[in-house]
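A quick write-up on the structure given underneath.
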Number of protein chains: 2
Amino acid sequence: MKALVADGGLRFVPSYPTPVPGRGEALVRVRLAGVCGTDLELLGGYHGFRGVPGHELVGDVAAGPRRWLGRRVTAAINVGCGRCPVCRASGPEHCPARSVAGILGRDGAFAEYVAVPVRNLHRVPERVSDEAAVFAEPLAAALRVRDQLAVRTSDRVAVLGPGRLGLLVGLVTALDGTAVTLLGRPGPSLANAAKLGLPATEAADERDSAYDVVVDCTGDPAGLAEAIRLTRPRGTLVLKTTYHGERGVNASAVVVKELTLVGSRCGPIAPALRLVAAGRVPVGRLGEAVYPLEDGLAAFEHAGRPGALKVLLRP
Amino acid sequence: MKALVADGGLRFVPSYPTPVPGRGEALVRVRLAGVCGTDLELLGGYHGFRGVPGHELVGDVAAGPRRWLGRRVTAAINVGCGRCPVCRASGPEHCPARSVAGILGRDGAFAEYVAVPVRNLHRVPERVSDEAAVFAEPLAAALRVRDQLAVRTSDRVAVLGPGRLGLLVGLVTALDGTAVTLLGRPGPSLANAAKLGLPATEAADERDSAYDVVVDCTGDPAGLAEAIRLTRPRGTLVLKTTYHGERGVNASAVVVKELTLVGSRCGPIAPALRLVAAGRVPVGRLGEAVYPLEDGLAAFEHAGRPGALKVLLRP
């Protein structure tokens with residue numbers, strides 16, 4: 001099958017072995033897959049991943065249990081052992097033996113086919129387009145912030161870093177009437193926030209300690225320092241992006257301001273799909289371009305441009 | 001008056017100006033003052049503090065409002081403006097214009113007299129000895145961890161760094177039946193924990209993710225990395241010590257494990273005094289030596305020795 005393969009760089013491979021689903025797995029024929037910031041980082045050596053990247057997908061079940069055959073699906077990306085205390089207590093996201101589709105020890109969706117554990121599958125409602133369903137996974141990651149924090153609707157919330165994930169976090173945070181401001185440097189990303197109707201401001205113009213809750217979506221150590229500056233004493237700072245290696249967090253500032261820092265990763269797919277199905281989050285306005293798999297390198301280059309919205313791959 | 005003065009180093013000054021209490025302040029004649037890790041750090045340049053250090057004290061009100069005259073007291077250390085939104089909402093600890101006795105912009109207690117705002121005074125019950133009352137402030141700092149976290153009594157809690165503050169955090173955490181383990185390197189500090197009846201183990205022997213809650217009292221970047229290792233996914237890590245400058249926190253690990261990091265500083269004096277008065281925390285066993293103020297340098301040297309417990313100064 002056709003696939004993009006990360007091996008330090010990124011290559012299009014016309015004849016990659018089609019995955020053979022293991023026990024409890026289904027084979028999914030990929031309709032569309034989204035390129036995310038983590039994918040771009042993989043090329044920089046994040047996690048030392050080698051294989052097929054891609055963890056945002058919509059596709060059809062081509063082989064697997066009868067009740068799933070032919071179903072249009074999206075999927076959760078963490079695969080745990082299912083037996084250890086961690087899996088039993090809280091699911092696969094933190095299983096010590098886990099694999100993560102397209103990120104850690106398991107091929108992902110930038111290919112014609114991907115093997116997915118049946119328990120990770122989520123059926124996509126008919127009225128949801130492929131172009132919307134492919135946002136289920138990043139939207140779930142944005143929802144994870146809600147699940148972790150008790151944000152009050154009167155809290156002053158800022159999202160620092162108005163990239164693809166930051167915009168989704170902003171849209172999701174605003175769902176219940178909470179006032180959320182997208183912060184960043186002047187440029188096309190910040191302009192994207194305004195286009196989506198989200199208040200957007202230059203971070204450098206904001207005064208110290210201006211926000212009760214700051215979600216750092218910059219993936220950048222300078223961004224994290226700025227997030228610490230912007231969070232009020234005893235406020236909450238969410239680390240929403242993966243950071244590549246060690247970062248110099250000013251631990252002293254965390255103590256003196258008595259901040260709460262919360263690391264945040266993957267979220268729940270089912271409510272994300274419900275939001276998409278109900279049209280509550282305008283994910284259709286976040287898609288920017290669709291490339292064939294053969295043009296994967298161009299797609300990655302496009303996704304890396306300042307202000308680029310979601311770039312999709314169609315095998 | 002006699003005083004110890006920090007000015008890059010530490011000097012005994014036989015004729016330092018006796019403080020003149022300002023509006024709303026009392027003059028306290030110091031009976032005893034405790035040397036804490038922050039005092040030792042001040043000499044290393046922490047906060048660039050210059051003046052009289054010392055923020056753990058018991059003394060007598062020598063001048064001030066009539067109802068306080070002659071009272072034996074201890075004191076909270078943060079002094080806010082009392083008028084700003086921060087002070088009104090949550091007290092002086094995070095007032096942008098605050099001073100902190102012996103740490104930031106205000107002389108402290110390593111002297112014959114110290115000026116203290118009346119609203120910071122706490123009367124010491126008669127049955128509490130000076131040697132116990134002087135622990136009110138560090139014990140309050142230990143209690144702050146309880147106030148910030150909803151630790152469940154079935155949680156596995158570790159305190160990393162069995163120094164003076166770590167021991168107090170351990171004792172306070174164990175009050176309600178919570179199982180707490182003191183972790184550190186083999187040596188006299190870890191032996192102190194065992195002498196106080198607290199389970200004590202070498203940190204390096206503990207497996208990854210062994211604890212639900214880890215309180216880092218090491219004040220050391222290597223300690224913080226170890227604390228991250230020891231905290232379970234989705235667990236809580238309390239940063240209980242001040243760190244001198246930037247520290248390399250592995251922000252990526254915080255995200256991947258979805259940890260909650262909580263900065264923790266000063267705590268409530270009144271419940272700390274109640275604990276001391278009720279004999280619930282054996283602070284008497286934590287005092288190690290009393291030095292006259294003239295021998296302040298020797299006292300600091302003593303307090304800096306591995307495994308040293310509380311060193312007190314008597315003006």
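Identifiers for the structure tokens are assigned positionally: chains receive A, B, ... in sequence, residues are indexed from 1 per chain, and ligands are indexed from 1 in the order shown.
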Could you superpose chain B on chain A by least squares over every Cα, matched in sequence order, and send it back as a JSON list (two decimals) with C-alpha atoms, in the first residue's frame?
[["chain", "number", "residue", "atom", "x", "y", "z"],
["B", 1, "MET", "CA", 0.00, -0.03, -0.03],
["B", 2, "LYS", "CA", 0.96, 3.63, -0.30],
["B", 3, "ALA", "CA", 2.25, 5.20, 2.89],
["B", 4, "LEU", "CA", 4.27, 8.06, 4.30],
["B", 5, "VAL", "CA", 7.12, 6.77, 6.44],
["B", 6, "ALA", "CA", 9.07, 8.65, 9.09],
["B", 7, "ASP", "CA", 12.63, 7.43, 9.44],
["B", 8, "GLY", "CA", 14.43, 10.55, 10.58],
["B", 9, "GLY", "CA", 12.96, 12.37, 7.61],
["B", 10, "LEU", "CA", 9.69, 11.68, 5.79],
["B", 11, "ARG", "CA", 9.38, 9.55, 2.66],
["B", 12, "PHE", "CA", 6.53, 8.49, 0.41],
["B", 13, "VAL", "CA", 6.68, 4.71, 0.03],
["B", 14, "PRO", "CA", 4.51, 3.26, -2.78],
["B", 15, "SER", "CA", 4.73, -0.33, -1.57],
["B", 16, "TYR", "CA", 4.69, -0.35, 2.24],
["B", 17, "PRO", "CA", 3.36, -3.65, 3.70],
["B", 18, "THR", "CA", -0.40, -3.51, 4.28],
["B", 19, "PRO", "CA", -0.97, -4.05, 8.02],
["B", 20, "VAL", "CA", -2.35, -7.40, 9.14],
["B", 21, "PRO", "CA", -4.83, -6.74, 11.97],
["B", 22, "GLY", "CA", -3.95, -8.57, 15.18],
["B", 23, "ARG", "CA", -6.37, -10.11, 17.64],
["B", 24, "GLY", "CA", -9.06, -7.60, 18.58],
["B", 25, "GLU", "CA", -8.06, -5.28, 15.77],
["B", 26, "ALA", "CA", -9.85, -4.02, 12.67],
["B", 27, "LEU", "CA", -8.34, -2.92, 9.38],
["B", 28, "VAL", "CA", -9.42, 0.59, 8.49],
["B", 29, "ARG", "CA", -9.18, 2.00, 4.98],
["B", 30, "VAL", "CA", -8.25, 5.63, 5.48],
["B", 31, "ARG", "CA", -10.48, 8.28, 3.86],
["B", 32, "LEU", "CA", -8.77, 11.34, 5.30],
["B", 33, "ALA", "CA", -6.03, 11.99, 7.84],
["B", 34, "GLY", "CA", -5.00, 15.28, 9.47],
["B", 35, "VAL", "CA", -1.49, 16.64, 9.94],
["B", 36, "CYS", "CA", -0.89, 17.95, 13.46],
["B", 37, "GLY", "CA", 1.95, 19.75, 15.20],
["B", 38, "THR", "CA", 3.12, 16.50, 16.77],
["B", 39, "ASP", "CA", 3.58, 15.04, 13.27],
["B", 40, "LEU", "CA", 5.80, 17.95, 12.35],
["B", 41, "GLU", "CA", 7.78, 17.39, 15.56],
["B", 42, "LEU", "CA", 8.20, 13.69, 14.78],
["B", 43, "LEU", "CA", 10.35, 14.72, 11.86],
["B", 44, "GLY", "CA", 12.52, 16.61, 14.33],
["B", 45, "GLY", "CA", 13.11, 13.39, 16.23],
["B", 46, "TYR", "CA", 10.37, 13.60, 18.86],
["B", 47, "HIS", "CA", 9.99, 10.21, 20.56],
["B", 48, "GLY", "CA", 12.42, 8.79, 17.99],
["B", 49, "PHE", "CA", 9.37, 7.44, 16.16],
["B", 50, "ARG", "CA", 9.95, 5.39, 13.01],
["B", 51, "GLY", "CA", 7.06, 4.13, 10.95],
["B", 52, "VAL", "CA", 3.85, 5.56, 9.52],
["B", 53, "PRO", "CA", 2.78, 8.76, 11.34],
["B", 54, "GLY", "CA", -0.78, 10.07, 11.46],
["B", 55, "HIS", "CA", -3.21, 9.88, 14.37],
["B", 56, "GLU", "CA", -6.20, 11.93, 13.15],
["B", 57, "LEU", "CA", -8.33, 9.92, 10.77],
["B", 58, "VAL", "CA", -11.64, 8.98, 9.32],
["B", 59, "GLY", "CA", -12.00, 5.79, 7.35],
["B", 60, "ASP", "CA", -14.01, 2.63, 6.67],
["B", 61, "VAL", "CA", -13.63, -0.71, 8.39],
["B", 62, "ALA", "CA", -12.37, -3.05, 5.68],
["B", 63, "ALA", "CA", -11.75, -6.10, 7.84],
["B", 64, "GLY", "CA", -12.71, -7.00, 11.39],
["B", 65, "PRO", "CA", -15.73, -8.05, 13.42],
["B", 66, "ARG", "CA", -18.93, -8.28, 11.37],
["B", 67, "ARG", "CA", -20.74, -5.51, 13.28],
["B", 68, "TRP", "CA", -17.99, -3.07, 12.32],
["B", 69, "LEU", "CA", -17.52, -4.07, 8.66],
["B", 70, "GLY", "CA", -18.15, -1.18, 6.28],
["B", 71, "ARG", "CA", -18.69, 1.28, 9.14],
["B", 72, "ARG", "CA", -17.27, 4.76, 8.82],
["B", 73, "VAL", "CA", -15.12, 5.37, 11.89],
["B", 74, "THR", "CA", -12.64, 7.52, 13.66],
["B", 75, "ALA", "CA", -10.40, 6.24, 16.43],
["B", 76, "ALA", "CA", -8.76, 6.88, 19.77],
["B", 77, "ILE", "CA", -5.00, 6.65, 19.49],
["B", 78, "ASN", "CA", -3.71, 5.10, 22.74],
["B", 79, "VAL", "CA", -3.46, 1.32, 22.90],
["B", 80, "GLY", "CA", -2.86, -0.16, 26.35],
["B", 81, "CYS", "CA", -2.36, -3.72, 27.51],
["B", 82, "GLY", "CA", -5.86, -3.68, 28.98],
["B", 83, "ARG", "CA", -4.78, -5.80, 31.94],
["B", 84, "CYS", "CA", -2.47, -3.70, 34.14],
["B", 85, "PRO", "CA", -3.74, -1.66, 37.10],
["B", 86, "VAL", "CA", -3.27, 1.57, 35.13],
["B", 87, "CYS", "CA", -5.41, 0.38, 32.22],
["B", 88, "ARG", "CA", -8.06, -0.97, 34.57],
["B", 89, "ALA", "CA", -8.21, 2.13, 36.70],
["B", 90, "SER", "CA", -8.09, 4.85, 34.10],
["B", 91, "GLY", "CA", -7.76, 3.52, 30.56],
["B", 92, "PRO", "CA", -4.90, 3.06, 28.13],
["B", 93, "GLU", "CA", -3.48, 6.61, 28.00],
["B", 94, "HIS", "CA", -0.91, 5.94, 30.72],
["B", 95, "CYS", "CA", -0.34, 2.20, 30.38],
["B", 96, "PRO", "CA", 3.43, 1.65, 30.77],
["B", 97, "ALA", "CA", 3.31, -0.80, 27.84],
["B", 98, "ARG", "CA", 1.15, 1.39, 25.60],
["B", 99, "SER", "CA", 1.58, 2.15, 21.95],
["B", 100, "VAL", "CA", 0.18, 5.30, 20.37],
["B", 101, "ALA", "CA", -0.93, 5.33, 16.73],
["B", 102, "GLY", "CA", 1.57, 7.19, 14.59],
["B", 103, "ILE", "CA", 3.55, 8.43, 17.61],
["B", 104, "LEU", "CA", 4.88, 5.52, 19.64],
["B", 105, "GLY", "CA", 5.47, 1.94, 18.54],
["B", 106, "ARG", "CA", 2.49, 1.63, 16.19],
["B", 107, "ASP", "CA", 1.88, 2.64, 12.58],
["B", 108, "GLY", "CA", -0.62, 5.43, 12.02],
["B", 109, "ALA", "CA", -2.97, 6.76, 9.39],
["B", 110, "PHE", "CA", -0.83, 8.40, 6.70],
["B", 111, "ALA", "CA", -1.36, 5.30, 4.57],
["B", 112, "GLU", "CA", -4.08, 3.49, 2.67],
["B", 113, "TYR", "CA", -4.77, 1.20, 5.61],
["B", 114, "VAL", "CA", -4.22, 1.24, 9.35],
["B", 115, "ALA", "CA", -4.81, -1.46, 11.98],
["B", 116, "VAL", "CA", -6.87, -0.19, 14.92],
["B", 117, "PRO", "CA", -8.02, -2.06, 18.05],
["B", 118, "VAL", "CA", -11.78, -2.51, 17.84],
["B", 119, "ARG", "CA", -12.20, -0.96, 21.28],
["B", 120, "ASN", "CA", -10.61, 2.24, 19.96],
["B", 121, "LEU", "CA", -13.14, 2.64, 17.11],
["B", 122, "HIS", "CA", -15.89, 5.26, 17.16],
["B", 123, "ARG", "CA", -18.64, 5.20, 14.57],
["B", 124, "VAL", "CA", -19.08, 8.48, 12.72],
["B", 125, "PRO", "CA", -22.72, 9.61, 12.40],
["B", 126, "GLU", "CA", -23.90, 9.78, 8.78],
["B", 127, "ARG", "CA", -24.57, 13.50, 8.81],
["B", 128, "VAL", "CA", -20.94, 14.27, 9.75],
["B", 129, "SER", "CA", -18.70, 14.83, 6.72],
["B", 130, "ASP", "CA", -15.27, 13.24, 6.44],
["B", 131, "GLU", "CA", -13.78, 16.73, 6.58],
["B", 132, "ALA", "CA", -15.44, 17.31, 9.97],
["B", 133, "ALA", "CA", -15.01, 13.81, 11.42],
["B", 134, "VAL", "CA", -11.24, 13.97, 10.95],
["B", 135, "PHE", "CA", -11.21, 16.65, 13.67],
["B", 136, "ALA", "CA", -12.53, 14.29, 16.34],
["B", 137, "GLU", "CA", -9.11, 13.48, 17.76],
["B", 138, "PRO", "CA", -7.70, 17.03, 18.05],
["B", 139, "LEU", "CA", -11.06, 18.26, 19.32],
["B", 140, "ALA", "CA", -10.96, 15.54, 21.97],
["B", 141, "ALA", "CA", -7.51, 16.76, 22.99],
["B", 142, "ALA", "CA", -8.98, 20.25, 23.39],
["B", 143, "LEU", "CA", -11.85, 18.85, 25.47],
["B", 144, "ARG", "CA", -9.36, 17.18, 27.77],
["B", 145, "VAL", "CA", -8.58, 20.62, 29.24],
["B", 146, "ARG", "CA", -12.24, 20.96, 30.25],
["B", 147, "ASP", "CA", -12.20, 17.51, 31.79],
["B", 148, "GLN", "CA", -9.12, 18.28, 33.87],
["B", 149, "LEU", "CA", -10.02, 21.74, 35.16],
["B", 150, "ALA", "CA", -12.97, 23.12, 37.00],
["B", 151, "VAL", "CA", -13.00, 26.32, 34.94],
["B", 152, "ARG", "CA", -15.71, 28.64, 36.15],
["B", 153, "THR", "CA", -17.56, 30.58, 33.48],
["B", 154, "SER", "CA", -16.53, 33.83, 35.16],
["B", 155, "ASP", "CA", -12.82, 32.95, 35.04],
["B", 156, "ARG", "CA", -10.55, 34.95, 32.77],
["B", 157, "VAL", "CA", -9.09, 32.31, 30.44],
["B", 158, "ALA", "CA", -6.34, 32.80, 27.89],
["B", 159, "VAL", "CA", -5.02, 30.42, 25.28],
["B", 160, "LEU", "CA", -1.45, 31.25, 24.43],
["B", 161, "GLY", "CA", -0.49, 30.15, 20.92],
["B", 162, "PRO", "CA", -3.32, 30.49, 18.38],
["B", 163, "GLY", "CA", -2.26, 27.53, 16.24],
["B", 164, "ARG", "CA", -4.55, 24.68, 15.20],
["B", 165, "LEU", "CA", -4.77, 23.15, 18.70],
["B", 166, "GLY", "CA", -4.97, 26.54, 20.40],
["B", 167, "LEU", "CA", -7.94, 27.54, 18.25],
["B", 168, "LEU", "CA", -9.76, 24.32, 19.13],
["B", 169, "VAL", "CA", -9.05, 24.84, 22.84],
["B", 170, "GLY", "CA", -10.39, 28.38, 22.52],
["B", 171, "LEU", "CA", -13.56, 27.28, 20.73],
["B", 172, "VAL", "CA", -14.20, 24.50, 23.23],
["B", 173, "THR", "CA", -13.55, 26.75, 26.23],
["B", 174, "ALA", "CA", -16.00, 29.35, 24.92],
["B", 175, "LEU", "CA", -18.82, 26.78, 24.52],
["B", 176, "ASP", "CA", -20.36, 27.45, 27.92],
["B", 177, "GLY", "CA", -20.03, 31.23, 27.90],
["B", 178, "THR", "CA", -16.58, 31.40, 29.45],
["B", 179, "ALA", "CA", -14.65, 34.45, 28.19],
["B", 180, "VAL", "CA", -11.52, 33.22, 26.45],
["B", 181, "THR", "CA", -8.84, 35.29, 24.74],
["B", 182, "LEU", "CA", -6.38, 33.94, 22.20],
["B", 183, "LEU", "CA", -2.91, 35.36, 22.73],
["B", 184, "GLY", "CA", 0.10, 35.29, 20.45],
["B", 185, "ARG", "CA", 2.48, 37.29, 18.39],
["B", 186, "PRO", "CA", 1.05, 39.52, 15.68],
["B", 187, "GLY", "CA", 0.68, 37.55, 12.46],
["B", 188, "PRO", "CA", -1.50, 35.16, 10.53],
["B", 189, "SER", "CA", -2.14, 32.76, 13.46],
["B", 190, "LEU", "CA", -3.57, 35.52, 15.60],
["B", 191, "ALA", "CA", -5.61, 36.69, 12.61],
["B", 192, "ASN", "CA", -7.11, 33.17, 12.35],
["B", 193, "ALA", "CA", -8.47, 33.52, 15.87],
["B", 194, "ALA", "CA", -10.21, 36.77, 15.03],
["B", 195, "LYS", "CA", -11.67, 35.21, 11.85],
["B", 196, "LEU", "CA", -13.21, 32.49, 14.02],
["B", 197, "GLY", "CA", -14.78, 35.12, 16.26],
["B", 198, "LEU", "CA", -12.42, 34.53, 19.16],
["B", 199, "PRO", "CA", -11.05, 37.65, 20.93],
["B", 200, "ALA", "CA", -7.38, 37.84, 20.00],
["B", 201, "THR", "CA", -4.65, 40.02, 21.48],
["B", 202, "GLU", "CA", -0.89, 40.33, 21.38],
["B", 203, "ALA", "CA", 0.48, 38.48, 24.39],
["B", 204, "ALA", "CA", 3.17, 41.07, 25.01],
["B", 205, "ASP", "CA", 0.49, 43.74, 25.50],
["B", 206, "GLU", "CA", -1.15, 41.89, 28.35],
["B", 207, "ARG", "CA", -0.23, 42.82, 31.91],
["B", 208, "ASP", "CA", 1.34, 40.41, 34.39],
["B", 209, "SER", "CA", -1.04, 38.00, 36.14],
["B", 210, "ALA", "CA", -3.96, 39.04, 33.91],
["B", 211, "TYR", "CA", -5.59, 35.59, 33.68],
["B", 212, "ASP", "CA", -7.00, 33.03, 36.08],
["B", 213, "VAL", "CA", -6.27, 30.19, 33.66],
["B", 214, "VAL", "CA", -3.73, 30.13, 30.86],
["B", 215, "VAL", "CA", -3.50, 27.23, 28.40],
["B", 216, "ASP", "CA", -0.06, 27.11, 26.81],
["B", 217, "CYS", "CA", -0.38, 25.80, 23.27],
["B", 218, "THR", "CA", 2.87, 27.30, 22.02],
["B", 219, "GLY", "CA", 5.09, 24.26, 22.37],
["B", 220, "ASP", "CA", 7.87, 26.73, 22.94],
["B", 221, "PRO", "CA", 9.93, 27.41, 26.10],
["B", 222, "ALA", "CA", 9.61, 31.15, 25.64],
["B", 223, "GLY", "CA", 5.85, 30.63, 25.43],
["B", 224, "LEU", "CA", 5.87, 28.76, 28.71],
["B", 225, "ALA", "CA", 7.73, 31.59, 30.44],
["B", 226, "GLU", "CA", 5.18, 34.04, 29.03],
["B", 227, "ALA", "CA", 2.35, 31.82, 30.24],
["B", 228, "ILE", "CA", 3.82, 31.87, 33.77],
["B", 229, "ARG", "CA", 3.95, 35.66, 33.59],
["B", 230, "LEU", "CA", 0.33, 35.94, 32.48],
["B", 231, "THR", "CA", -1.15, 33.57, 35.08],
["B", 232, "ARG", "CA", -2.35, 35.20, 38.28],
["B", 233, "PRO", "CA", -1.00, 34.07, 41.65],
["B", 234, "ARG", "CA", -2.71, 30.80, 42.62],
["B", 235, "GLY", "CA", -3.96, 30.51, 39.04],
["B", 236, "THR", "CA", -3.77, 27.50, 36.73],
["B", 237, "LEU", "CA", -1.49, 26.96, 33.78],
["B", 238, "VAL", "CA", -2.20, 24.08, 31.42],
["B", 239, "LEU", "CA", 0.70, 22.63, 29.43],
["B", 240, "LYS", "CA", -1.19, 21.51, 26.37],
["B", 241, "THR", "CA", 1.58, 20.83, 23.90],
["B", 242, "THR", "CA", 4.32, 18.30, 23.81],
["B", 243, "TYR", "CA", 7.74, 19.79, 24.32],
["B", 244, "HIS", "CA", 10.74, 18.45, 22.63],
["B", 245, "GLY", "CA", 13.21, 17.53, 25.40],
["B", 246, "GLU", "CA", 14.04, 19.46, 28.57],
["B", 247, "ARG", "CA", 12.63, 22.92, 28.99],
["B", 248, "GLY", "CA", 13.73, 25.54, 31.47],
["B", 249, "VAL", "CA", 10.62, 26.10, 33.52],
["B", 250, "ASN", "CA", 11.19, 28.74, 36.20],
["B", 251, "ALA", "CA", 10.25, 26.53, 39.13],
["B", 252, "SER", "CA", 10.90, 29.39, 41.53],
["B", 253, "ALA", "CA", 8.17, 31.47, 39.86],
["B", 254, "VAL", "CA", 5.80, 28.51, 40.12],
["B", 255, "VAL", "CA", 6.42, 28.39, 43.87],
["B", 256, "VAL", "CA", 6.34, 32.14, 44.52],
["B", 257, "LYS", "CA", 3.08, 32.55, 42.57],
["B", 258, "GLU", "CA", 1.79, 29.22, 43.92],
["B", 259, "LEU", "CA", 0.69, 28.25, 40.42],
["B", 260, "THR", "CA", -0.92, 24.97, 39.54],
["B", 261, "LEU", "CA", 0.58, 23.49, 36.36],
["B", 262, "VAL", "CA", -1.40, 20.76, 34.65],
["B", 263, "GLY", "CA", -0.04, 18.56, 31.89],
["B", 264, "SER", "CA", -2.72, 17.70, 29.33],
["B", 265, "ARG", "CA", -2.65, 15.14, 26.53],
["B", 266, "CYS", "CA", -5.35, 13.11, 24.76],
["B", 267, "GLY", "CA", -9.05, 13.48, 25.34],
["B", 268, "PRO", "CA", -12.39, 11.73, 24.90],
["B", 269, "ILE", "CA", -13.46, 11.02, 21.30],
["B", 270, "ALA", "CA", -17.19, 10.42, 21.88],
["B", 271, "PRO", "CA", -18.06, 13.91, 23.17],
["B", 272, "ALA", "CA", -15.86, 15.43, 20.48],
["B", 273, "LEU", "CA", -17.90, 13.58, 17.84],
["B", 274, "ARG", "CA", -21.12, 14.77, 19.49],
["B", 275, "LEU", "CA", -19.89, 18.36, 19.28],
["B", 276, "VAL", "CA", -19.01, 17.94, 15.62],
["B", 277, "ALA", "CA", -22.34, 16.25, 14.85],
["B", 278, "ALA", "CA", -24.25, 19.04, 16.59],
["B", 279, "GLY", "CA", -22.31, 21.70, 14.66],
["B", 280, "ARG", "CA", -21.20, 23.34, 17.93],
["B", 281, "VAL", "CA", -17.60, 23.77, 16.82],
["B", 282, "PRO", "CA", -17.01, 25.14, 13.30],
["B", 283, "VAL", "CA", -14.35, 22.59, 12.38],
["B", 284, "GLY", "CA", -15.26, 23.00, 8.71],
["B", 285, "ARG", "CA", -13.65, 26.44, 8.84],
["B", 286, "LEU", "CA", -10.43, 24.97, 10.20],
["B", 287, "GLY", "CA", -9.59, 22.81, 7.18],
["B", 288, "GLU", "CA", -7.24, 24.49, 4.77],
["B", 289, "ALA", "CA", -6.07, 22.04, 2.11],
["B", 290, "VAL", "CA", -6.24, 18.40, 1.05],
["B", 291, "TYR", "CA", -3.22, 16.69, -0.47],
["B", 292, "PRO", "CA", -2.89, 13.22, -1.97],
["B", 293, "LEU", "CA", -0.63, 10.94, 0.01],
["B", 294, "GLU", "CA", 1.97, 11.09, -2.76],
["B", 295, "ASP", "CA", 2.40, 14.79, -1.99],
["B", 296, "GLY", "CA", 2.92, 14.22, 1.72],
["B", 297, "LEU", "CA", 6.12, 16.24, 1.84],
["B", 298, "ALA", "CA", 4.34, 19.23, 0.32],
["B", 299, "ALA", "CA", 1.50, 18.75, 2.82],
["B", 300, "PHE", "CA", 3.93, 18.78, 5.75],
["B", 301, "GLU", "CA", 5.63, 21.87, 4.34],
["B", 302, "HIS", "CA", 2.22, 23.54, 4.05],
["B", 303, "ALA", "CA", 1.22, 22.54, 7.60],
["B", 304, "GLY", "CA", 4.44, 24.10, 8.91],
["B", 305, "ARG", "CA", 3.75, 27.55, 7.47],
["B", 306, "PRO", "CA", 2.89, 30.33, 9.93],
["B", 307, "GLY", "CA", -0.86, 30.56, 10.30],
["B", 308, "ALA", "CA", -1.56, 27.33, 8.42],
["B", 309, "LEU", "CA", -4.81, 25.70, 9.47],
["B", 310, "LYS", "CA", -5.51, 21.98, 9.16],
["B", 311, "VAL", "CA", -3.87, 20.22, 6.23],
["B", 312, "LEU", "CA", -5.41, 16.87, 5.30],
["B", 313, "LEU", "CA", -4.04, 13.85, 3.46],
["B", 314, "ARG", "CA", -6.22, 11.67, 1.23],
["B", 315, "PRO", "CA", -4.70, 8.26, 0.38]]
To test your reading of the structure, identify every residue in stretch 243-288 of chain A that backbone DSSP assigns to strand (DSSP E or B), and report it as a VMD selection string.
chain A and resid 260 to 263 287 to 288
Those in stretch 141-284 of chain B with alpha helix (DSSP H) from DSSP, as a VMD selection string
chain B and resid 141 to 148 164 to 173 188 to 195 221 to 230 251 to 256 269 to 277
